[in-house]
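Chemist: Got a file for you: run24.pdb, PDB, C-alpha atoms and all ligand atoms.
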```pdb
ATOM      1  CA  MET A   1       0.000   0.000   0.000
ATOM      2  CA  ALA A   2       2.892   2.356   0.830
ATOM      3  CA  ASP A   3       4.210   1.925  -2.747
ATOM      4  CA  ILE A   4       0.945   2.947  -4.367
ATOM      5  CA  PRO A   5       1.115   6.598  -5.536
ATOM      6  CA  TRP A   6      -1.500   8.782  -3.812
ATOM      7  CA  THR A   7      -2.348  10.330  -7.169
ATOM      8  CA  TRP A   8      -3.409   6.965  -8.555
ATOM      9  CA  LEU A   9      -5.720   6.308  -5.607
ATOM     10  CA  LEU A  10      -7.250   9.765  -5.956
ATOM     11  CA  ILE A  11      -7.637   9.473  -9.741
ATOM     12  CA  ARG A  12      -9.619   6.312  -9.142
ATOM     13  CA  GLY A  13     -11.615   7.724  -6.238
ATOM     14  CA  SER A  14     -12.510  10.902  -8.119
ATOM     15  CA  GLY A  15     -13.379   8.893 -11.259
ATOM     16  CA  ILE A  16     -15.771   6.621  -9.393
ATOM     17  CA  THR A  17     -17.294   9.597  -7.553
ATOM     18  CA  THR A  18     -17.789  11.446 -10.867
ATOM     19  CA  TRP A  19     -19.502   8.400 -12.343
ATOM     20  CA  ALA A  20     -21.796   7.986  -9.319
ATOM     21  CA  LEU A  21     -22.704  11.695  -9.412
ATOM     22  CA  LEU A  22     -23.338  11.550 -13.158
ATOM     23  CA  THR A  23     -25.675   8.599 -12.562
ATOM     24  CA  ALA A  24     -27.498  10.666  -9.943
ATOM     25  CA  VAL A  25     -27.732  13.662 -12.330
ATOM     26  CA  VAL A  26     -29.415  11.472 -14.955
ATOM     27  CA  ALA A  27     -31.691   9.872 -12.344
ATOM     28  CA  TRP A  28     -32.812  13.269 -11.021
ATOM     29  CA  GLY A  29     -33.390  14.512 -14.574
ATOM     30  CA  LEU A  30     -35.603  11.498 -15.290
ATOM     31  CA  LEU A  31     -37.511  11.979 -12.016
ATOM     32  CA  LEU A  32     -38.036  15.600 -12.953
ATOM     33  CA  ARG A  33     -39.406  14.721 -16.370
ATOM     34  CA  SER A  34     -41.801  12.043 -15.111
ATOM     35  CA  ARG A  35     -44.541  12.292 -12.469
ATOM     36  CA  LEU A  36     -43.113   9.336 -10.625
ATOM     37  CA  LEU A  37     -42.714  10.941  -7.177
ATOM     38  CA  GLY A  38     -45.816  13.127  -7.518
ATOM     39  CA  SER A  39     -46.247  15.717  -4.784
ATOM     40  CA  PHE A  40     -43.670  13.909  -2.635
ATOM     41  CA  ALA A  41     -40.906  15.736  -4.512
ATOM     42  CA  PRO A  42     -41.826  19.175  -5.919
ATOM     43  CA  PRO A  43     -40.270  19.877  -9.353
ATOM     44  CA  GLN A  44     -38.396  22.916  -8.081
ATOM     45  CA  ARG A  45     -36.646  20.831  -5.443
ATOM     46  CA  LEU A  46     -35.787  18.102  -7.981
ATOM     47  CA  MET A  47     -34.480  20.803 -10.320
ATOM     48  CA  THR A  48     -32.238  22.331  -7.646
ATOM     49  CA  MET A  49     -30.831  18.894  -6.838
ATOM     50  CA  HIS A  50     -30.355  18.061 -10.557
ATOM     51  CA  ARG A  51     -28.305  21.235 -11.050
ATOM     52  CA  TRP A  52     -26.341  20.825  -7.828
ATOM     53  CA  LEU A  53     -25.442  17.221  -8.733
ATOM     54  CA  GLY A  54     -24.319  18.352 -12.201
ATOM     55  CA  ALA A  55     -22.054  21.059 -10.792
ATOM     56  CA  THR A  56     -20.600  18.649  -8.215
ATOM     57  CA  ALA A  57     -19.986  15.978 -10.880
ATOM     58  CA  LEU A  58     -18.123  18.577 -12.930
ATOM     59  CA  ALA A  59     -15.990  19.566  -9.922
ATOM     60  CA  PHE A  60     -14.988  15.929  -9.318
ATOM     61  CA  LEU A  61     -14.271  15.508 -13.023
ATOM     62  CA  PHE A  62     -11.820  18.433 -12.853
ATOM     63  CA  VAL A  63     -10.113  16.784  -9.875
ATOM     64  CA  HIS A  64      -9.926  13.491 -11.857
ATOM     65  CA  LEU A  65      -8.280  15.306 -14.774
ATOM     66  CA  ALA A  66      -5.999  17.601 -12.740
ATOM     67  CA  LEU A  67      -4.557  14.556 -10.981
ATOM     68  CA  LEU A  68      -3.786  12.908 -14.329
ATOM     69  CA  LEU A  69      -1.573  15.912 -15.123
ATOM     70  CA  VAL A  70       0.549  15.354 -12.000
ATOM     71  CA  ASP A  71       0.493  11.555 -11.823
ATOM     72  CA  PRO A  72       4.128  10.356 -11.646
ATOM     73  CA  VAL A  73       3.401   6.927 -13.202
ATOM     74  CA  VAL A  74       1.537   7.834 -16.429
ATOM     75  CA  PRO A  75       1.478  11.641 -16.629
ATOM     76  CA  PHE A  76      -0.956  13.129 -19.161
ATOM     77  CA  THR A  77      -0.583  16.405 -21.052
ATOM     78  CA  VAL A  78      -3.493  18.816 -21.588
ATOM     79  CA  PRO A  79      -3.945  17.824 -25.293
ATOM     80  CA  GLN A  80      -3.917  14.146 -24.283
ATOM     81  CA  ILE A  81      -6.801  14.873 -21.934
ATOM     82  CA  LEU A  82      -8.793  17.091 -24.291
ATOM     83  CA  VAL A  83      -8.395  15.236 -27.605
ATOM     84  CA  PRO A  84      -9.860  11.717 -27.875
ATOM     85  CA  GLY A  85      -7.324   9.166 -29.102
ATOM     86  CA  MET A  86      -4.155  10.916 -27.862
ATOM     87  CA  ALA A  87      -3.846   9.217 -24.458
ATOM     88  CA  PRO A  88      -0.508   7.486 -23.732
ATOM     89  CA  TRP A  89      -2.311   4.621 -21.938
ATOM     90  CA  GLU A  90      -5.466   2.572 -22.752
ATOM     91  CA  THR A  91      -6.167   4.932 -25.640
ATOM     92  CA  LEU A  92      -9.666   3.706 -26.507
ATOM     93  CA  ALA A  93     -10.863   3.476 -22.891
ATOM     94  CA  VAL A  94      -9.582   6.972 -22.107
ATOM     95  CA  ALA A  95     -11.019   8.360 -25.378
ATOM     96  CA  LEU A  96     -14.472   7.292 -24.155
ATOM     97  CA  GLY A  97     -13.875   9.302 -20.967
ATOM     98  CA  THR A  98     -12.855  12.341 -23.024
ATOM     99  CA  LEU A  99     -15.984  12.004 -25.163
ATOM    100  CA  ALA A 100     -18.107  11.738 -21.996
ATOM    101  CA  MET A 101     -16.502  14.969 -20.784
ATOM    102  CA  TRP A 102     -17.252  16.757 -24.088
ATOM    103  CA  ALA A 103     -20.837  15.496 -23.921
ATOM    104  CA  MET A 104     -21.204  16.941 -20.398
ATOM    105  CA  LEU A 105     -19.590  20.341 -20.846
ATOM    106  CA  PRO A 106     -21.884  22.119 -23.365
ATOM    107  CA  VAL A 107     -24.984  21.739 -21.191
ATOM    108  CA  MET A 108     -23.107  23.173 -18.204
ATOM    109  CA  VAL A 109     -21.947  26.186 -20.223
ATOM    110  CA  MET A 110     -25.335  26.728 -21.883
ATOM    111  CA  GLY A 111     -27.051  26.428 -18.492
ATOM    112  CA  ARG A 112     -25.133  29.541 -17.418
ATOM    113  CA  LEU A 113     -25.582  31.439 -20.713
ATOM    114  CA  ARG A 114     -29.128  30.598 -21.768
ATOM    115  CA  SER A 115     -30.949  33.368 -19.922
ATOM    116  CA  ARG A 116     -28.618  35.963 -21.468
ATOM    117  CA  LEU A 117     -29.127  34.644 -25.023
ATOM    118  CA  GLY A 118     -32.938  34.759 -25.092
ATOM    119  CA  LYS A 119     -34.718  32.455 -27.588
ATOM    120  CA  ALA A 120     -31.484  31.318 -29.219
ATOM    121  CA  GLY A 121     -30.142  30.427 -25.767
ATOM    122  CA  ALA A 122     -33.147  28.176 -25.105
ATOM    123  CA  ALA A 123     -32.689  26.393 -28.448
ATOM    124  CA  TRP A 124     -28.951  25.882 -27.895
ATOM    125  CA  PHE A 125     -29.563  24.699 -24.356
ATOM    126  CA  LYS A 126     -32.002  22.078 -25.672
ATOM    127  CA  ARG A 127     -29.416  20.814 -28.166
ATOM    128  CA  ALA A 128     -26.695  20.757 -25.523
ATOM    129  CA  HIS A 129     -29.011  18.849 -23.190
ATOM    130  CA  LEU A 130     -29.630  16.226 -25.894
ATOM    131  CA  VAL A 131     -25.864  15.773 -26.336
ATOM    132  CA  ALA A 132     -25.519  15.368 -22.550
ATOM    133  CA  TYR A 133     -27.617  12.175 -22.689
ATOM    134  CA  ALA A 134     -24.597  10.483 -24.310
ATOM    135  CA  ALA A 135     -22.368  11.278 -21.321
ATOM    136  CA  TRP A 136     -23.655   8.496 -19.067
ATOM    137  CA  PRO A 137     -23.218   5.528 -21.467
ATOM    138  CA  LEU A 138     -19.810   6.884 -22.560
ATOM    139  CA  ALA A 139     -18.661   7.403 -18.962
ATOM    140  CA  THR A 140     -19.921   3.930 -18.035
ATOM    141  CA  ALA A 141     -17.983   2.314 -20.899
ATOM    142  CA  HIS A 142     -14.910   4.340 -19.829
ATOM    143  CA  TYR A 143     -15.309   3.095 -16.233
ATOM    144  CA  VAL A 144     -15.652  -0.561 -17.308
ATOM    145  CA  MET A 145     -12.698  -0.417 -19.719
ATOM    146  CA  ALA A 146     -10.267   1.821 -17.786
ATOM    147  CA  GLY A 147     -11.126   0.914 -14.203
ATOM    148  CA  THR A 148      -8.467  -1.170 -12.456
ATOM    149  CA  ASP A 149     -11.091  -2.908 -10.311
ATOM    150  CA  ALA A 150     -14.052  -2.379 -12.610
ATOM    151  CA  LEU A 151     -14.858  -6.073 -12.756
ATOM    152  CA  THR A 152     -14.488  -6.841  -9.063
ATOM    153  CA  GLU A 153     -17.583  -7.667  -7.007
ATOM    154  CA  TRP A 154     -18.077  -4.290  -5.310
ATOM    155  CA  SER A 155     -17.556  -2.404  -8.554
ATOM    156  CA  LEU A 156     -19.944  -4.629 -10.502
ATOM    157  CA  ALA A 157     -22.496  -4.130  -7.707
ATOM    158  CA  LEU A 158     -22.101  -0.347  -8.057
ATOM    159  CA  LEU A 159     -22.344  -0.466 -11.857
ATOM    160  CA  GLY A 160     -25.364  -2.804 -11.649
ATOM    161  CA  ALA A 161     -27.134  -0.576  -9.118
ATOM    162  CA  GLY A 162     -26.532   2.562 -11.216
ATOM    163  CA  ALA A 163     -27.631   0.897 -14.447
ATOM    164  CA  THR A 164     -30.757  -0.543 -12.777
ATOM    165  CA  VAL A 165     -31.792   2.879 -11.472
ATOM    166  CA  ILE A 166     -31.372   4.437 -14.934
ATOM    167  CA  VAL A 167     -33.212   1.640 -16.772
ATOM    168  CA  VAL A 168     -36.111   1.589 -14.262
ATOM    169  CA  LEU A 169     -36.509   5.377 -14.468
ATOM    170  CA  LEU A 170     -36.314   5.311 -18.277
ATOM    171  CA  LEU A 171     -39.049   2.663 -18.364
ATOM    172  CA  ALA A 172     -41.107   4.640 -15.847
ATOM    173  CA  ARG A 173     -40.703   7.739 -17.956
ATOM    174  CA  GLY A 174     -41.959   5.815 -20.965
ATOM    175  CA  PHE A 175     -45.024   4.508 -19.133
ATOM    176  CA  VAL A 176     -45.928   7.486 -16.970
ATOM    177  CA  PRO A 177     -47.500  10.257 -19.095
ATOM    178  CA  PRO A 178     -45.763  13.645 -18.891
ATOM    179  CA  PRO A 179     -47.633  16.357 -16.971
ATOM    180  CA  ALA A 180     -50.099  18.495 -18.919
ATOM    181  CA  ARG A 181     -48.683  21.813 -20.063
ATOM    182  CA  PRO A 182     -50.690  24.995 -19.517
ATOM    183  CA  ALA A 183     -51.570  26.990 -22.647
ATOM    184  CA  PRO A 184     -49.586  30.208 -22.131
ATOM    185  CA  ALA A 185     -50.333  31.788 -25.545
ATOM    186  CA  ARG A 186     -54.114  31.865 -25.053
ATOM    187  CA  ALA A 187     -54.265  33.814 -21.806
ATOM    188  CA  PRO A 188     -53.564  37.310 -23.205
ATOM    189  CA  LEU A 189     -55.865  36.707 -26.212
ATOM    190  CA  ALA A 190     -58.771  35.713 -23.978
ATOM    191  CA  SER A 191     -58.434  38.929 -21.990
ATOM    192  CA  THR A 192     -58.666  41.219 -25.072
ATOM    193  CA  PRO A 193     -62.091  42.792 -25.735
ATOM    194  CA  SER A 194     -62.306  41.257 -29.227
ATOM    195  CA  ALA A 195     -61.927  37.694 -27.986
ATOM    196  CA  ALA A 196     -65.334  36.002 -28.204
ATOM    197  CA  ALA A 197     -64.501  32.666 -26.587
ATOM    198  CA  PRO A 198     -64.466  32.282 -22.769
ATOM    199  CA  ALA A 199     -60.987  32.065 -21.256
ATOM    200  CA  PRO A 200     -60.035  28.356 -21.179
ATOM    201  CA  VAL A 201     -56.919  28.757 -19.066
ATOM    202  CA  THR A 202     -58.181  29.044 -15.490
ATOM    203  CA  PRO A 203     -59.782  25.570 -15.128
ATOM    204  CA  ALA A 204     -56.677  23.916 -16.602
ATOM    205  CA  VAL A 205     -54.439  25.496 -13.988
ATOM    206  CA  THR A 206     -56.657  24.672 -11.031
ATOM    207  CA  ALA A 207     -57.741  21.168 -12.063
ATOM    208  CA  PRO A 208     -56.614  18.366  -9.706
ATOM    209  CA  GLY A 209     -52.994  17.421 -10.318
ATOM    210  CA  THR A 210     -52.202  20.457 -12.410
ATOM    211  CA  GLU A 211     -50.872  22.529  -9.527
ATOM    212  CA  GLN A 212     -47.799  20.435 -10.130
ATOM    213  CA  ALA A 213     -47.847  21.164 -13.847
ATOM    214  CA  SER A 214     -48.176  24.891 -13.332
ATOM    215  CA  THR A 215     -45.324  25.111 -10.820
ATOM    216  CA  ARG A 216     -43.363  22.681 -12.914
ATOM    217  CA  GLU A 217     -43.116  24.772 -16.060
ATOM    218  CA  PRO A 218     -40.698  27.422 -14.758
ATOM    219  CA  ALA A 219     -38.665  24.678 -13.112
ATOM    220  CA  LEU A 220     -38.280  22.725 -16.344
ATOM    221  CA  SER A 221     -37.434  25.823 -18.258
ATOM    222  CA  THR A 222     -34.114  25.861 -16.436
ATOM    223  CA  LEU A 223     -33.402  22.194 -17.206
TER
HETATM  224  C1  LIG A 301     -17.536  12.041 -17.301
HETATM  225  C2  LIG A 301     -16.270  11.805 -17.439
HETATM  226  C3  LIG A 301     -15.497  10.755 -16.694
HETATM  227  C4  LIG A 301     -15.880   9.858 -15.735
HETATM  228  C5  LIG A 301     -17.271   9.674 -15.133
HETATM  229  C6  LIG A 301     -14.730   9.060 -15.389
HETATM  230  C7  LIG A 301     -14.752   8.021 -14.479
HETATM  231  C8  LIG A 301     -13.691   7.136 -14.289
HETATM  232  C9  LIG A 301     -13.763   5.938 -13.505
HETATM  233  C10 LIG A 301     -14.987   5.444 -12.770
HETATM  234  C11 LIG A 301     -12.546   5.332 -13.573
HETATM  235  C12 LIG A 301     -12.168   3.995 -12.933
HETATM  236  C13 LIG A 301     -11.433   4.145 -11.625
HETATM  237  C14 LIG A 301     -10.885   2.806 -11.183
HETATM  238  O1  LIG A 301     -11.629   2.062 -10.551
HETATM  239  O2  LIG A 301      -9.739   2.494 -11.492
HETATM  240  C15 LIG A 301     -11.713   6.143 -14.393
HETATM  241  C16 LIG A 301     -10.402   5.862 -14.680
HETATM  242  C17 LIG A 301      -9.616   6.624 -15.485
HETATM  243  N1  LIG A 301      -9.975   7.784 -16.147
HETATM  244 FE1  LIG A 301     -11.777   8.659 -16.092
HETATM  245  N2  LIG A 301     -13.658   9.496 -16.118
HETATM  246  C18 LIG A 301     -14.079  10.528 -16.922
HETATM  247  C19 LIG A 301     -13.330  11.236 -17.821
HETATM  248  C20 LIG A 301     -11.974  11.026 -18.051
HETATM  249  C21 LIG A 301     -11.153  11.778 -18.939
HETATM  250  C22 LIG A 301     -11.619  12.987 -19.777
HETATM  251  C23 LIG A 301      -9.897  11.265 -18.864
HETATM  252  C24 LIG A 301      -8.627  11.681 -19.561
HETATM  253  C25 LIG A 301      -8.501  11.997 -20.743
HETATM  254  C26 LIG A 301      -9.936  10.151 -17.956
HETATM  255  C27 LIG A 301      -8.860   9.349 -17.647
HETATM  256  C28 LIG A 301      -8.900   8.231 -16.849
HETATM  257  C29 LIG A 301      -7.771   7.344 -16.615
HETATM  258  C30 LIG A 301      -6.383   7.478 -17.201
HETATM  259  C31 LIG A 301      -8.220   6.335 -15.761
HETATM  260  C32 LIG A 301      -7.452   5.166 -15.203
HETATM  261  C33 LIG A 301      -6.984   5.465 -13.810
HETATM  262  C34 LIG A 301      -6.224   4.292 -13.259
HETATM  263  O3  LIG A 301      -6.850   3.297 -12.876
HETATM  264  O4  LIG A 301      -5.010   4.378 -13.238
HETATM  265  N3  LIG A 301     -11.204  10.044 -17.464
HETATM  266  N4  LIG A 301     -12.428   7.239 -14.816
END
```
Could I get this structure in the form of structure tokens?
Ligand code: HEM

Modeler:
Amino acid sequence: MADIPWTWLLIRGSGITTWALLTAVVAWGLLLRSRLLGSFAPPQRLMTMHRWLGATALAFLFVHLALLLVDPVVPFTVPQILVPGMAPWETLAVALGTLAMWAMLPVMVMGRLRSRLGKAGAAWFKRAHLVAYAAWPLATAHYVMAGTDALTEWSLALLGAGATVIVVLLLARGFVPPPARPAPARAPLASTPSAAAPAPVTPAVTAPGTEQASTREPALSTL
């Protein structure tokens, strides 16, 4: 144990922590998009947790990468970390980690910029969020292929637990209908003198179960 470089232990620890956090980010995102927890977990709280987990995963990823730069056994350079296929060790396995990183980063950046960019910001955020879905499978493949103990019992148990959570929530999302969206465009029209039809918005907002939908909309807009 005394011969094992501390950097190597920390690279592994930070890698596994990043993976676990990334799994939690995806799980919280899926919970947010489905009605699975109902009123037990308000959307705004799920949203806050989803964002906090994402930021924490990113922080651990930076630790994982910073340690690679100072590791005395297989030191990496910045281009070897940033460009897939340039790693001096387990090139394919590490390339998958780099791709996972590039899948994660745009959504983090767009999350900060979207409110300043107006409509275009919302569209770019949506695209970046779609790309982020690839991060989890890529990071999982990276873990399995690069992890020293990836195929040991405890690690397989962790991987199995994470994968089960994601698959169950994906299935639940498929089976549980998404919450009804309010009709925001009709409200101002209905209040104009020329509008003949009665305003249809009020009952939709106050109908049973839609309190969640109405509070949910602003929360999801920051997803
Ligand atoms: C979302 C992104 C990433 C996640 C979740 C992640 C996670 C992990 C995990 C779980 C391990 C296995 C630890 C072990 O049990 O040995 C690992 C190992 C490793 N990762 Fe990453 N990683 C990510 C990105 C990267 C990137 C961008 C690089 C560098 C280009 C990288 C380089 C490595 C290396 C070299 C190892 C092997 C460490 C060793 O066992 O000596 N990773 N990573």

Chemist: Counting all atoms listed in the file, what is within 9 Å of stretch 109-111 of chain A, bar same-chain residues fewer than 2 positions away, as number ranges by chain?

Modeler: A: 105-107, 113-115, 121-122, 124-126, 128-129, 222-223

Chemist: Give as a ChimeraX atom specification every residue, naming chains and numbers as the document does, that has an atom within 10 Å of (-19.2, 14.7, -19.6), counting only C-alpha atoms.

Modeler: /A:18-19,22,54,57-58,61,96-108,131-136,138-139

Chemist: May I ask for the distance between atom CA of A:Leu65 and atom CA of A:Val167, given in Å to one decimal place?

Modeler: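 Answer for the atom CA of A:Leu65 to atom CA of A:Val167 separation: 28.5 Å.
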
Chemist: What residues come out when you apply the PyMOL selection byres (((chain A and resi 155) around 12) and not hetatm) to this file, written as a list in words?

Modeler: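 On this input, the PyMOL selection byres (((chain A and resi 155) around 12) and not hetatm) captures Arg12, Gly13, Ile16, Trp19, Ala20, Thr140, Tyr143, Val144, Gly147, Thr148, Asp149, Ala150, Leu151, Thr152, Glu153, Trp154, Leu156, Ala157, Leu158, Leu159, Gly160, Ala161 and Gly162 of chain A.
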
Chemist: Since we have the selection now, will you write its residues out, keeping C-alpha atoms, as a compact mmCIF listing (two decimals), in the coordinates of the input?

Modeler:
```txt
# COMPACT_ATOMS: atom_id res chain seq x y z
CA ARG A 12 -9.62 6.31 -9.14
CA GLY A 13 -11.62 7.72 -6.24
CA ILE A 16 -15.77 6.62 -9.39
CA TRP A 19 -19.50 8.40 -12.34
CA ALA A 20 -21.80 7.99 -9.32
CA THR A 140 -19.92 3.93 -18.04
CA TYR A 143 -15.31 3.10 -16.23
CA VAL A 144 -15.65 -0.56 -17.31
CA GLY A 147 -11.13 0.91 -14.20
CA THR A 148 -8.47 -1.17 -12.46
CA ASP A 149 -11.09 -2.91 -10.31
CA ALA A 150 -14.05 -2.38 -12.61
CA LEU A 151 -14.86 -6.07 -12.76
CA THR A 152 -14.49 -6.84 -9.06
CA GLU A 153 -17.58 -7.67 -7.01
CA TRP A 154 -18.08 -4.29 -5.31
CA LEU A 156 -19.94 -4.63 -10.50
CA ALA A 157 -22.50 -4.13 -7.71
CA LEU A 158 -22.10 -0.35 -8.06
CA LEU A 159 -22.34 -0.47 -11.86
CA GLY A 160 -25.36 -2.80 -11.65
CA ALA A 161 -27.13 -0.58 -9.12
CA GLY A 162 -26.53 2.56 -11.22
```

Chemist: For atom O2 of ligand LIG 301 (chain A) and atom CA of A:Phe62, determine how far apart the two atoms are, in Å to one decimal place.

Modeler: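 Rounded to one decimal, the two atoms are 16.1 Å apart.
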